[in-house]
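Asks: Okay, so here is protein22.txt, and as you'll see once you scroll down, it has compact mmCIF, C-alpha atoms.
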# COMPACT_ATOMS: atom_id res chain seq x y z
CA MET A 5 -19.25 -23.72 17.26
CA GLU A 6 -17.65 -27.11 16.97
CA VAL A 7 -15.30 -27.69 14.05
CA PRO A 8 -16.05 -30.86 12.07
CA ILE A 9 -13.07 -33.21 11.81
CA LEU A 10 -13.15 -35.50 8.79
CA LYS A 11 -11.08 -38.60 8.26
CA GLN A 12 -9.70 -39.03 4.77
CA GLY A 13 -7.42 -42.01 4.37
CA HIS A 14 -4.59 -41.57 6.79
CA TYR A 15 -5.27 -37.91 7.22
CA LEU A 16 -7.53 -35.85 9.45
CA ILE A 17 -9.04 -32.72 7.97
CA ALA A 18 -10.41 -29.95 10.20
CA SER A 19 -12.15 -27.30 8.16
CA ILE A 20 -12.85 -24.14 10.13
CA GLN A 21 -16.03 -22.54 8.81
CA SER A 22 -16.46 -19.41 10.92
CA ALA A 23 -14.69 -17.26 13.49
CA LEU A 24 -13.90 -19.30 16.59
CA THR A 25 -13.81 -18.33 20.25
CA ASP A 26 -10.82 -19.25 22.37
CA ALA A 27 -12.87 -22.07 23.91
CA ASP A 28 -13.71 -23.46 20.46
CA LEU A 29 -10.04 -23.39 19.53
CA SER A 30 -8.99 -25.26 22.66
CA GLN A 31 -11.73 -27.77 22.01
CA LEU A 32 -10.50 -28.23 18.42
CA ARG A 33 -6.97 -28.80 19.68
CA GLU A 34 -8.03 -31.46 22.16
CA ALA A 35 -10.30 -33.23 19.68
CA LEU A 36 -7.59 -33.33 17.01
CA ILE A 37 -4.85 -34.59 19.29
CA GLU A 38 -7.11 -37.27 20.66
CA ARG A 39 -8.24 -38.41 17.22
CA VAL A 40 -4.70 -38.57 15.83
CA GLY A 41 -4.19 -41.54 18.12
CA LYS A 42 -7.66 -42.99 17.69
CA PHE A 43 -7.53 -43.11 13.89
CA ARG A 44 -3.76 -43.70 13.76
CA ALA A 45 -3.59 -40.64 11.48
CA ARG A 46 -0.37 -39.76 9.72
CA GLY A 47 -1.26 -36.24 8.81
CA VAL A 48 -3.47 -33.38 9.98
CA ILE A 49 -4.76 -30.62 7.76
CA VAL A 50 -6.32 -27.51 9.29
CA ASP A 51 -8.14 -25.46 6.68
CA VAL A 52 -8.46 -21.77 7.63
CA THR A 53 -9.70 -20.46 4.26
CA ALA A 54 -12.85 -19.06 5.85
CA LEU A 55 -11.01 -17.00 8.47
CA ASP A 56 -10.40 -13.35 7.67
CA VAL A 57 -8.76 -12.56 11.01
CA MET A 58 -6.40 -14.56 13.14
CA ASP A 59 -5.41 -13.38 16.60
CA SER A 60 -2.40 -14.45 18.63
CA PHE A 61 -4.37 -17.10 20.49
CA ALA A 62 -5.53 -18.70 17.27
CA VAL A 63 -2.01 -18.71 15.86
CA ARG A 64 -0.61 -20.15 19.07
CA THR A 65 -3.25 -22.86 19.11
CA LEU A 66 -2.44 -23.81 15.52
CA ARG A 67 1.24 -23.99 16.39
CA ASP A 68 0.46 -26.11 19.46
CA ILE A 69 -1.66 -28.45 17.39
CA ALA A 70 1.23 -28.93 14.94
CA HIS A 71 3.77 -29.61 17.68
CA MET A 72 1.47 -31.87 19.70
CA ALA A 73 0.42 -33.85 16.63
CA ARG A 74 4.08 -34.36 15.72
CA LEU A 75 4.67 -35.85 19.17
CA ARG A 76 1.77 -38.19 18.46
CA GLY A 77 3.30 -39.18 15.11
CA ALA A 78 1.37 -37.01 12.65
CA GLU A 79 2.59 -34.18 10.41
CA THR A 80 0.40 -31.04 10.41
CA VAL A 81 -0.11 -28.58 7.61
CA ILE A 82 -2.11 -25.35 7.80
CA VAL A 83 -3.81 -24.52 4.51
CA GLY A 84 -5.74 -21.62 3.04
CA ILE A 85 -4.31 -18.63 4.89
CA GLN A 86 -5.66 -15.55 3.08
CA PRO A 87 -3.16 -13.01 1.72
CA GLU A 88 -4.47 -10.24 4.01
CA VAL A 89 -4.35 -12.56 7.01
CA ALA A 90 -0.80 -13.60 6.18
CA PHE A 91 0.26 -9.98 5.92
CA ALA A 92 -1.35 -9.05 9.23
CA MET A 93 0.16 -12.09 10.96
CA VAL A 94 3.67 -11.24 9.78
CA GLN A 95 3.28 -7.64 10.91
CA LEU A 96 2.27 -8.84 14.35
CA GLY A 97 5.20 -11.25 14.40
CA LEU A 98 2.94 -14.31 14.40
CA THR A 99 4.79 -16.37 11.82
CA LEU A 100 3.99 -20.00 12.70
CA LYS A 101 7.65 -20.96 12.88
CA GLY A 102 8.24 -24.67 12.44
CA VAL A 103 4.76 -25.30 11.11
CA SER A 104 4.17 -26.37 7.53
CA THR A 105 1.78 -24.34 5.38
CA ALA A 106 0.22 -24.86 1.96
CA LEU A 107 -1.92 -22.85 -0.40
CA ASP A 108 -5.11 -24.90 -0.19
CA LEU A 109 -6.49 -28.31 0.72
CA GLU A 110 -5.25 -29.93 -2.49
CA GLU A 111 -1.71 -28.66 -1.96
CA GLY A 112 -1.85 -29.73 1.67
CA LEU A 113 -2.75 -33.29 0.71
CA LEU A 114 0.04 -33.36 -1.87
CA PHE A 115 2.48 -32.08 0.72
CA LEU A 116 1.52 -34.77 3.23
CA ASP A 117 1.85 -37.49 0.54
CA GLN A 118 5.36 -36.24 -0.25
CA GLN A 119 6.30 -36.20 3.42
CA ALA A 120 5.07 -39.77 3.80
CA LYS A 121 7.13 -40.85 0.79
CA LEU A 122 10.22 -39.17 2.22
CA ARG A 123 9.74 -40.89 5.54
CA ILE A 124 9.44 -44.25 3.90
CA GLU A 125 12.59 -43.56 1.87
CA ARG A 126 14.42 -42.68 5.04
CA GLY A 127 13.03 -45.79 6.66
CA THR A 128 11.40 -43.92 9.49
CA GLY A 129 7.83 -44.10 8.28
CA ARG A 130 5.27 -46.67 9.29
CA ILE A 131 4.84 -49.49 6.82
CA ASP A 132 1.50 -49.16 5.13
CA ARG A 133 -0.28 -52.53 4.79
CA GLY A 134 -3.16 -51.58 2.59
CA MET B 29 -5.51 30.37 7.11
CA ALA B 30 -5.85 27.31 4.94
CA ALA B 31 -9.09 26.39 6.67
CA LYS B 32 -10.46 29.83 5.90
CA GLY B 33 -9.62 29.47 2.25
CA LYS B 34 -11.70 26.30 2.05
CA ASP B 35 -14.81 28.06 3.27
CA PRO B 36 -15.68 30.65 0.70
CA GLN B 37 -19.14 31.21 2.16
CA ALA B 38 -17.94 32.61 5.45
CA PRO B 39 -18.51 36.35 5.74
CA LEU B 40 -15.51 38.60 5.60
CA PRO B 41 -14.24 39.51 9.05
CA ASP B 42 -15.38 42.97 10.11
CA SER B 43 -12.31 44.38 11.67
CA VAL B 44 -13.89 47.71 12.58
CA ALA B 45 -17.21 48.67 14.01
CA GLN B 46 -19.67 49.28 11.17
CA PRO B 47 -20.28 46.28 8.89
CA GLU B 48 -22.49 48.19 6.45
CA SER B 49 -19.73 50.69 5.83
CA THR B 50 -17.27 47.86 5.11
CA ALA B 51 -19.51 46.73 2.29
CA ALA B 52 -19.89 50.28 1.06
CA LEU B 53 -16.13 50.80 1.19
CA LEU B 54 -15.52 47.61 -0.76
CA ARG B 55 -18.01 48.81 -3.38
CA GLU B 56 -16.16 52.08 -3.65
CA LEU B 57 -12.90 50.18 -3.89
CA VAL B 58 -14.18 47.93 -6.66
CA ALA B 59 -15.41 50.91 -8.64
CA LEU B 60 -12.00 52.52 -8.26
CA LEU B 61 -10.19 49.36 -9.41
CA ARG B 62 -12.48 49.02 -12.44
CA GLN B 63 -11.88 52.61 -13.36
CA ASN B 64 -8.11 52.30 -13.24
CA ARG B 65 -8.02 48.81 -14.68
CA THR B 66 -5.72 49.41 -17.63
CA GLN B 67 -3.20 51.45 -15.75
CA LEU B 68 -3.00 49.19 -12.69
CA ARG B 69 -2.83 46.08 -14.81
CA GLU B 70 0.08 47.46 -16.79
CA GLU B 71 1.85 48.55 -13.64
CA TRP B 72 1.40 45.05 -12.24
CA ALA B 73 2.71 43.32 -15.38
CA ARG B 74 5.72 45.66 -15.30
CA ARG B 75 6.44 44.79 -11.69
CA ILE B 76 6.18 41.07 -12.49
CA THR B 77 8.73 41.39 -15.28
CA ARG B 78 11.01 43.53 -13.15
CA ALA B 79 10.89 41.01 -10.28
CA GLN B 80 11.82 38.32 -12.85
CA LEU B 81 8.86 36.16 -11.96
CA LEU B 82 7.15 33.82 -14.43
CA THR B 83 10.29 33.67 -16.56
CA ALA B 84 8.92 30.56 -18.23
CA MET B 85 6.21 32.65 -19.90
CA THR B 86 6.37 35.31 -22.62
CA GLU B 87 5.42 38.91 -21.93
CA GLU B 88 2.16 38.63 -23.88
CA GLU B 89 1.20 35.55 -21.91
CA ILE B 90 1.98 37.29 -18.65
CA PHE B 91 -0.14 40.23 -19.69
CA ALA B 92 -3.05 38.00 -20.74
CA GLU B 93 -2.92 36.02 -17.49
CA ALA B 94 -2.50 39.23 -15.51
CA THR B 95 -5.67 40.60 -17.09
CA SER B 96 -7.77 37.60 -16.15
CA VAL B 97 -6.25 37.35 -12.68
CA TYR B 98 -6.97 41.04 -12.18
CA ASP B 99 -10.60 40.69 -13.28
CA ASN B 100 -11.12 37.64 -11.09
CA TYR B 101 -9.47 39.46 -8.22
CA VAL B 102 -11.79 42.43 -8.52
CA GLU B 103 -14.79 40.16 -8.89
CA ALA B 104 -13.88 38.27 -5.72
CA LEU B 105 -13.55 41.60 -3.90
CA GLU B 106 -16.95 42.68 -5.19
CA THR B 107 -18.94 39.52 -4.50
CA GLY B 108 -17.07 38.38 -1.41
CA THR B 109 -17.33 34.77 -2.67
CA PHE B 110 -14.31 32.82 -3.72
CA GLU B 111 -15.63 29.84 -5.69
CA ALA B 112 -15.04 31.45 -9.07
CA LEU B 113 -11.57 32.52 -8.01
CA GLN B 114 -10.81 29.05 -6.64
CA ALA B 115 -11.88 27.43 -9.88
CA TYR B 116 -9.85 29.95 -11.83
CA ALA B 117 -6.78 29.35 -9.63
CA ARG B 118 -7.06 25.60 -10.16
CA ASN B 119 -7.46 26.06 -13.89
CA LEU B 120 -4.52 28.47 -14.04
CA SER B 121 -2.33 26.08 -12.02
CA GLU B 122 -3.20 23.23 -14.35
CA ARG B 123 -1.98 25.30 -17.28
CA ILE B 124 1.19 26.73 -15.77
CA ILE B 125 2.53 23.87 -13.62
CA PRO B 126 3.62 21.79 -16.64
CA ARG B 127 5.57 24.86 -17.85
CA GLY B 128 7.69 24.84 -14.71
CA VAL B 129 6.16 27.73 -12.79
CA GLU B 130 7.18 27.53 -9.13
CA THR B 131 5.15 28.14 -6.00
CA HIS B 132 7.14 31.22 -5.01
CA GLU B 133 6.34 32.82 -8.36
CA VAL B 134 2.60 32.36 -8.01
CA VAL B 135 2.58 33.64 -4.44
CA GLY B 136 4.93 36.41 -5.54
CA ILE B 137 2.69 37.74 -8.32
CA VAL B 138 -0.43 37.71 -6.16
CA LEU B 139 1.40 39.61 -3.42
CA LEU B 140 2.70 42.04 -6.05
CA LEU B 141 -0.85 42.73 -7.20
CA ARG B 142 -1.80 43.30 -3.59
CA ASP B 143 1.05 45.82 -3.27
CA VAL B 144 0.21 47.57 -6.53
CA LEU B 145 -3.42 48.02 -5.51
CA ALA B 146 -2.50 49.13 -1.98
CA ARG B 147 -0.05 51.64 -3.45
CA SER B 148 -2.79 53.06 -5.66
CA LEU B 149 -5.03 53.42 -2.62
CA PHE B 150 -2.30 55.30 -0.77
CA GLY B 151 -1.98 57.56 -3.78
CA LYS B 152 -5.67 58.30 -3.94
CA TYR B 153 -6.45 58.82 -0.27
CA HIS B 154 -3.20 60.19 1.05
CA GLU B 155 -4.92 63.39 2.02
CA ASP B 156 -7.57 61.71 4.13
CA PHE B 157 -5.89 59.30 6.53
CA ASP B 158 -9.11 58.38 8.27
CA LYS B 159 -10.68 57.27 5.02
CA LEU B 160 -7.49 55.51 3.98
CA TYR B 161 -7.45 53.47 7.17
CA ARG B 162 -11.05 52.44 6.75
CA ILE B 163 -10.51 51.48 3.13
CA LEU B 164 -7.44 49.47 4.07
CA ASP B 165 -9.38 47.78 6.87
CA ALA B 166 -11.89 46.63 4.32
CA TYR B 167 -9.36 45.84 1.62
CA GLU B 168 -6.64 43.99 3.49
CA PRO B 169 -8.60 41.02 4.92
CA ALA B 170 -10.23 40.47 1.53
CA ALA B 171 -6.90 40.76 -0.28
CA ASN B 172 -5.28 38.33 2.14
CA ARG B 173 -8.00 35.80 1.55
CA ILE B 174 -7.64 36.16 -2.17
CA ALA B 175 -3.88 35.64 -1.97
CA ASN B 176 -4.48 32.68 0.28
CA THR B 177 -7.06 31.16 -2.06
CA VAL B 178 -4.83 31.41 -5.09
CA ALA B 179 -1.76 30.04 -3.28
CA VAL B 180 -3.71 27.16 -1.75
CA GLY B 181 -5.27 26.37 -5.12
CA PHE B 182 -1.85 26.24 -6.72
CA VAL B 183 -0.32 24.06 -4.02
CA GLN B 184 -3.30 21.70 -4.02
CA GLU B 185 -3.05 21.26 -7.76
CA ARG B 186 0.67 20.58 -7.42
CA GLU B 187 0.08 18.02 -4.71
CA ARG B 188 -2.59 16.35 -6.82
CA ILE B 189 -0.13 16.00 -9.69
CA ILE B 190 2.56 14.64 -7.33
CA ARG B 191 0.15 12.08 -5.90
CA GLN B 192 -0.87 11.03 -9.38
CA GLN B 193 2.74 10.56 -10.41
CA GLN B 194 3.59 8.62 -7.27
CA GLU B 195 0.70 6.32 -7.97
CA ALA B 196 1.88 5.81 -11.55
CA ILE B 197 5.44 5.09 -10.43
CA ARG B 198 4.21 2.61 -7.84
CA GLU B 199 2.11 0.72 -10.32
CA LEU B 200 4.93 0.59 -12.83
CA SER B 201 7.50 -0.54 -10.35
CA THR B 202 6.02 -3.72 -8.93
CA PRO B 203 5.37 -6.25 -11.66
CA VAL B 204 4.88 -9.84 -10.57
CA LEU B 205 5.74 -12.13 -13.47
CA GLN B 206 5.05 -15.77 -14.03
CA VAL B 207 7.91 -17.50 -15.87
CA ARG B 208 6.88 -21.12 -15.44
CA GLU B 209 3.84 -22.87 -14.16
CA ARG B 210 3.78 -22.06 -10.42
CA LEU B 211 6.98 -20.00 -10.52
CA LEU B 212 6.80 -16.22 -10.03
CA ILE B 213 9.47 -13.56 -10.36
CA LEU B 214 9.34 -10.24 -8.52
CA PRO B 215 12.08 -7.87 -9.66
CA ILE B 216 12.41 -4.97 -7.24
CA ILE B 217 13.93 -1.77 -8.60
CA GLY B 218 14.58 1.45 -6.75
CA VAL B 219 13.92 2.60 -3.24
CA ILE B 220 11.72 0.58 -0.91
CA ASP B 221 9.79 2.72 1.55
CA PRO B 222 7.30 1.27 4.04
CA GLN B 223 4.31 2.07 1.85
CA ARG B 224 5.87 0.51 -1.22
CA ALA B 225 6.99 -2.51 0.78
CA ARG B 226 3.43 -3.00 1.92
CA GLN B 227 2.02 -2.68 -1.57
CA LEU B 228 4.67 -4.99 -2.92
CA THR B 229 3.89 -7.66 -0.37
CA GLU B 230 0.16 -7.41 -0.92
CA GLN B 231 0.58 -7.67 -4.66
CA LEU B 232 2.89 -10.66 -4.34
CA LEU B 233 0.53 -12.46 -1.95
CA ARG B 234 -2.40 -11.93 -4.28
CA ALA B 235 -0.34 -13.19 -7.22
CA ILE B 236 0.67 -16.28 -5.25
CA ARG B 237 -2.99 -16.97 -4.66
CA THR B 238 -4.18 -16.44 -8.23
CA ASN B 239 -1.25 -18.20 -9.94
CA ARG B 240 -1.09 -20.95 -7.31
CA ALA B 241 2.63 -20.29 -7.08
CA LYS B 242 4.90 -22.65 -5.20
CA VAL B 243 8.17 -20.81 -5.63
CA VAL B 244 8.85 -17.07 -5.83
CA VAL B 245 12.15 -15.52 -6.87
CA ILE B 246 12.61 -11.99 -5.54
CA ASP B 247 15.39 -10.23 -7.41
CA ILE B 248 16.85 -7.18 -5.69
CA THR B 249 19.63 -6.41 -8.16
CA GLY B 250 17.97 -3.04 -8.72
CA VAL B 251 17.88 -2.07 -5.06
CA ALA B 252 20.74 0.33 -4.50
CA ALA B 253 20.85 0.44 -0.71
CA MET B 254 19.37 -1.47 2.13
CA ASP B 255 18.94 -0.66 5.80
CA SER B 256 17.45 -2.65 8.63
CA ASN B 257 13.93 -1.40 7.84
CA VAL B 258 14.07 -2.56 4.25
CA ALA B 259 15.64 -5.86 5.32
CA ASN B 260 12.82 -6.38 7.81
CA HIS B 261 10.25 -5.70 5.09
CA LEU B 262 11.95 -8.31 2.97
CA VAL B 263 11.90 -10.83 5.82
CA GLN B 264 8.21 -10.09 6.38
CA THR B 265 7.44 -10.62 2.70
CA VAL B 266 9.26 -13.94 2.77
CA GLU B 267 7.41 -15.10 5.88
CA ALA B 268 4.01 -14.00 4.60
CA SER B 269 4.63 -15.91 1.36
CA ARG B 270 5.56 -18.98 3.33
CA LEU B 271 2.25 -18.78 5.20
CA LEU B 272 0.60 -19.15 1.80
CA GLY B 273 2.70 -22.19 1.10
CA ALA B 274 5.21 -20.62 -1.27
CA THR B 275 9.00 -20.85 -0.98
CA VAL B 276 10.89 -17.61 -1.57
CA ILE B 277 14.37 -17.34 -3.05
CA VAL B 278 16.09 -13.96 -2.87
CA THR B 279 18.64 -13.18 -5.56
CA GLY B 280 20.94 -10.37 -6.61
CA LEU B 281 22.29 -9.17 -3.28
CA SER B 282 25.14 -6.88 -4.22
CA PRO B 283 28.46 -7.07 -2.34
CA GLU B 284 27.65 -3.74 -0.65
CA ILE B 285 24.25 -4.92 0.52
CA ALA B 286 25.67 -8.23 1.76
CA GLN B 287 28.25 -6.33 3.80
CA THR B 288 25.69 -3.90 5.16
CA LEU B 289 23.34 -6.66 6.21
CA VAL B 290 26.04 -8.56 8.06
CA THR B 291 27.39 -5.40 9.66
CA ILE B 292 24.02 -4.23 10.96
CA GLY B 293 23.26 -7.75 12.07
CA VAL B 294 20.02 -8.53 10.25
CA ASP B 295 19.09 -12.17 10.65
CA LEU B 296 18.54 -13.59 7.19
CA SER B 297 19.07 -17.21 8.17
CA GLU B 298 15.42 -17.96 7.35
CA MET B 299 15.89 -16.73 3.81
CA ALA B 300 17.14 -18.75 0.87
CA THR B 301 19.53 -16.60 -1.15
CA VAL B 302 21.15 -17.29 -4.49
CA GLY B 303 23.76 -15.12 -6.21
CA ASP B 304 21.98 -13.98 -9.33
CA LEU B 305 18.61 -14.23 -11.02
CA GLN B 306 19.74 -17.07 -13.29
CA GLY B 307 20.86 -19.14 -10.33
CA GLY B 308 17.62 -18.31 -8.53
CA ILE B 309 15.48 -19.50 -11.42
CA GLU B 310 17.55 -22.71 -11.74
CA GLU B 311 17.14 -23.37 -8.04
CA ALA B 312 13.40 -22.70 -8.29
CA GLU B 313 13.09 -25.09 -11.24
CA ARG B 314 14.88 -27.74 -9.24
CA LEU B 315 12.42 -27.25 -6.37
CA LEU B 316 9.52 -27.59 -8.81
CA GLY B 317 11.03 -30.71 -10.37
CA TYR B 318 11.92 -29.19 -13.74
CA LYS B 319 15.15 -29.96 -15.52
CA VAL B 320 16.30 -27.89 -18.47
CA LEU B 321 18.27 -29.84 -21.08
CA PRO B 322 19.81 -28.78 -24.40
CA LEU B 323 17.76 -30.04 -27.37
CA GLU B 324 20.58 -32.34 -28.62
CA GLU B 325 20.46 -34.30 -25.40
CA VAL B 326 16.74 -34.83 -25.67
CA ALA B 327 16.56 -35.49 -29.43
CA PRO B 328 18.13 -39.01 -29.72
CA LYS B 329 15.37 -40.52 -27.60
CA ALA B 330 12.65 -39.29 -29.95
Represent the structure from my file as structure tokens, please.
Replies:
Amino acid sequence: MEVPILKQGHYLIASIQSALTDADLSQLREALIERVGKFRARGVIVDVTALDVMDSFAVRTLRDIAHMARLRGAETVIVGIQPEVAFAMVQLGLTLKGVSTALDLEEGLLFLDQQAKLRIERGTGRIDRG
Amino acid sequence: MAAKGKDPQAPLPDSVAQPESTAALLRELVALLRQNRTQLREEWARRITRAQLLTAMTEEEIFAEATSVYDNYVEALETGTFEALQAYARNLSERIIPRGVETHEVVGIVLLLRDVLARSLFGKYHEDFDKLYRILDAYEPAANRIANTVAVGFVQERERIIRQQQEAIRELSTPVLQVRERLLILPIIGVIDPQRARQLTEQLLRAIRTNRAKVVVIDITGVAAMDSNVANHLVQTVEASRLLGATVIVTGLSPEIAQTLVTIGVDLSEMATVGDLQGGIEEAERLLGYKVLPLEEVAPKA
């Protein structure tokens, strides 16, 4: 099943609605990385609220997305990890090191706004003409 | 043996050839025990007192319990079913456990009764060894099962109470408190075992979800000792919270714990630590953008 990717301002939002196969995940990764450049996105949000299991491949793909998007100039935040999923992930040692996380979509958007502000303050962000 | 005790419907094992004579012998035995009830019961109560069992109970209580145990015992011998005895054993345990009666005492008194009854059989049939052996063949398996049933009943009741208490302690010992909007405090007191660590983490994660917490302060002032397992649980809790988007601050590491952690080489570099709970809350407020000012400093503006 293909994951819909929505554009919201400067951000891309991928909302995963059901369990994904490894092929779906790879497809999601490619689509996101490609679109970061196409839409000149500054942030990527991957919403995993609907997932009640996450295997090592899924976690690795999410981490890859975050690192690849950063290379393309966008900050990634994973939102909506369920408590049970978080617990299982930690027990398996899949801790998404170096990847930002937030409670839900709203928090994720707030987080990206803050990051953008910080970057502008540091003078490393892109100037927004809008 | 425990498995046997759980299956009261199973027929008694027929150790010697003729099953119909086993039943007949048991009938004879029961009649004999009924006939000598008063005398045997008194003998038993005397032996209990002499062996200094059930010291938590008065003599009258011992005698009253002895009477009902005796009657239930004989009934179980007669019917060959153990449900009534099981229920009685559970009921008895419920009454005597709170008074501090120990397992060895309960097993002791049942074995004493077994001895008293066996002694009386020796006395009655000592002239006819053949008969004595057959009676004992019928009596002993049944008596063993009775002893087993009572002991298992007692231990099960004890375990049930222990489980109940553990549950109560667990629930009491892991409160997750909200002190400000989006700021939670988790004070940990006592020993952290793997099961408790798991429960603690689950409870915290759920609370993060429902309170939409952004910062959590875990205070471990009340944790006396820490080893690498406990430290790893703590690290896991911190990481799981981060996956939900919450920052964790650990406070109250005692000098001993700090030394232990460094000595055993646990990597806590991922964890934010602050000296005490007050400092932790101040740090959390800073992260959330709060600033606490004395009223005098705020008042002039108004």
Asks: Please indicate the distance in Å from atom CA of Thr279 of chain B to atom CA of Ile248 of chain B, rounded to one decimal place.
Replies: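 Value for the atom CA of Thr279 of chain B-atom CA of Ile248 of chain B distance: 6.3 Å.
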Asks: So, with only C-alpha atoms as the atoms that count, which of B:Thr288, B:Leu233, B:Gly307, B:Lys242 lies closest to chain A?
Replies: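 Nearest to chain A: B:Leu233.
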Asks: Mind checking which residues fall within 10 Å of Ser148 of chain B, counting all atoms listed in the file, ignoring those fewer than 5 positions away in the same chain, and posting them as an NGL selection string?
Replies: :B and (60-61 or 64 or 68 or 143 or 153-154)
Asks: Extract, using all atoms listed in the file, all DNA, RNA and protein residues at most 9 Å from Glu34 of chain A, discarding same-chain residues fewer than 5 positions from it, and format them as a list in words.
Replies: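 My list of contacting residues is Leu29, Arg39 and Ile69 of chain A.
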Asks: Could you work out how far atom CA of Ile217 of chain B lies from atom CA of Gln184 of chain B, giving the answer in Å with one decimal?
Replies: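 These atoms are spaced 29.5 Å apart.
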Asks: If I take atom CA of Gln206 of chain B and atom CA of Asn239 of chain B, how far is one from the other in Å, to one decimal?
Replies: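 So the answer is 7.9 Å.
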Asks: Using all atoms listed in the file, which chain B residues lie at most 7 Å away from chain A, written as a list in words?
Replies: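 So the contacting residues turn out to be Leu233, Arg234, Gln264, Glu267, Ala268, Arg270, Leu271, Leu272 and Gly273 of chain B.
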Asks: Counting all atoms listed in the file, which residues come within 9 Å of (-4.3, -42.8, 4.0), with the point read in the file's coordinates, and could you list them as a PyMOL selection string?
Replies: chain A and resi 12-15+45-47+117+132+134
Asks: Using only C-alpha atoms, which residue out of B:Arg127, B:Tyr98, B:Glu103, B:Leu120 lies closest to Leu82 of chain B?
Replies: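 The closest residue to Leu82 of chain B is B:Arg127.
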Asks: From the options B:Arg224, B:Arg75, B:Arg162, B:Arg210, which residue's atoms come nearest to Arg240 of chain B, counting only C-alpha atoms?
Replies: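 That would be B:Arg210, the residue with the smallest distance to Arg240 of chain B.
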Asks: I'd like the neighbourhood of Tyr167 of chain B as a list in words, where a residue qualifies if any of its atoms comes within 10 Å (using all atoms listed in the file), though same-chain residues fewer than 2 positions away should be ignored.
Replies: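 Selected residues are Thr50, Leu53, Leu54, Leu57, Val58, Leu105, Arg142, Leu145, Ala146, Leu149, Tyr161, Arg162, Ile163, Leu164, Asp165, Pro169, Ala170, Ala171 and Asn172 of chain B.
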Asks: For each of B:Glu56, B:Asp304, B:Glu93, B:Glu230, take the minimum atom-to-atom distance to Ala73 of chain B, counting all atoms listed in the file, then give the residue where this is smallest.
Replies: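 The shortest atom-to-atom distance to Ala73 of chain B comes from B:Glu93.
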Asks: So, counting all atoms listed in the file, which residue among A:Glu110, A:Asp26, A:Glu125, A:Glu79 is closest to Asp51 of chain A?
Replies: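 Once distances to Asp51 of chain A are computed over all atoms listed in the file, the minimum belongs to A:Glu110.
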Asks: Which residue, B:Gly108, B:Gly308, B:Pro283, B:Gly181, has the smallest gap to Ile213 of chain B when you use all atoms listed in the file?
Replies: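 Selected residue with least distance to Ile213 of chain B: B:Gly308.
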Asks: Considering all atoms listed in the file, return as number ranges by chain whatever protein or nucleic-acid residues lie within 12 Å of Ala78 of chain A, sequence-local ones (same chain, fewer than 5 positions apart) excluded.
Replies: A: 14-16, 36-49, 69-73, 116, 119-120, 123, 129-130
Asks: Report the centre and edge lengths, in Å to one decimal, of an axis-aligned box enclosing every atom of segment 228-234 of chain B listed in the file, padded by 5 Å on each side, as AutoDock Vina command-line options.
Replies:
--center_x 1.1 --center_y -8.7 --center_z -2.5 --size_x 17.1 --size_y 17.5 --size_z 14.3
Asks: Tell me which protein, DNA and RNA residues are within 10 Å of Gln231 of chain B, counting all atoms listed in the file, leaving out same-chain ones fewer than 5 positions away, and put them as a list in words.
Replies: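 Here the answer would be Pro87 of chain A; Thr202, Pro203, Val204, Leu214, Ala225, Arg226, Ile236 and Arg237 of chain B.
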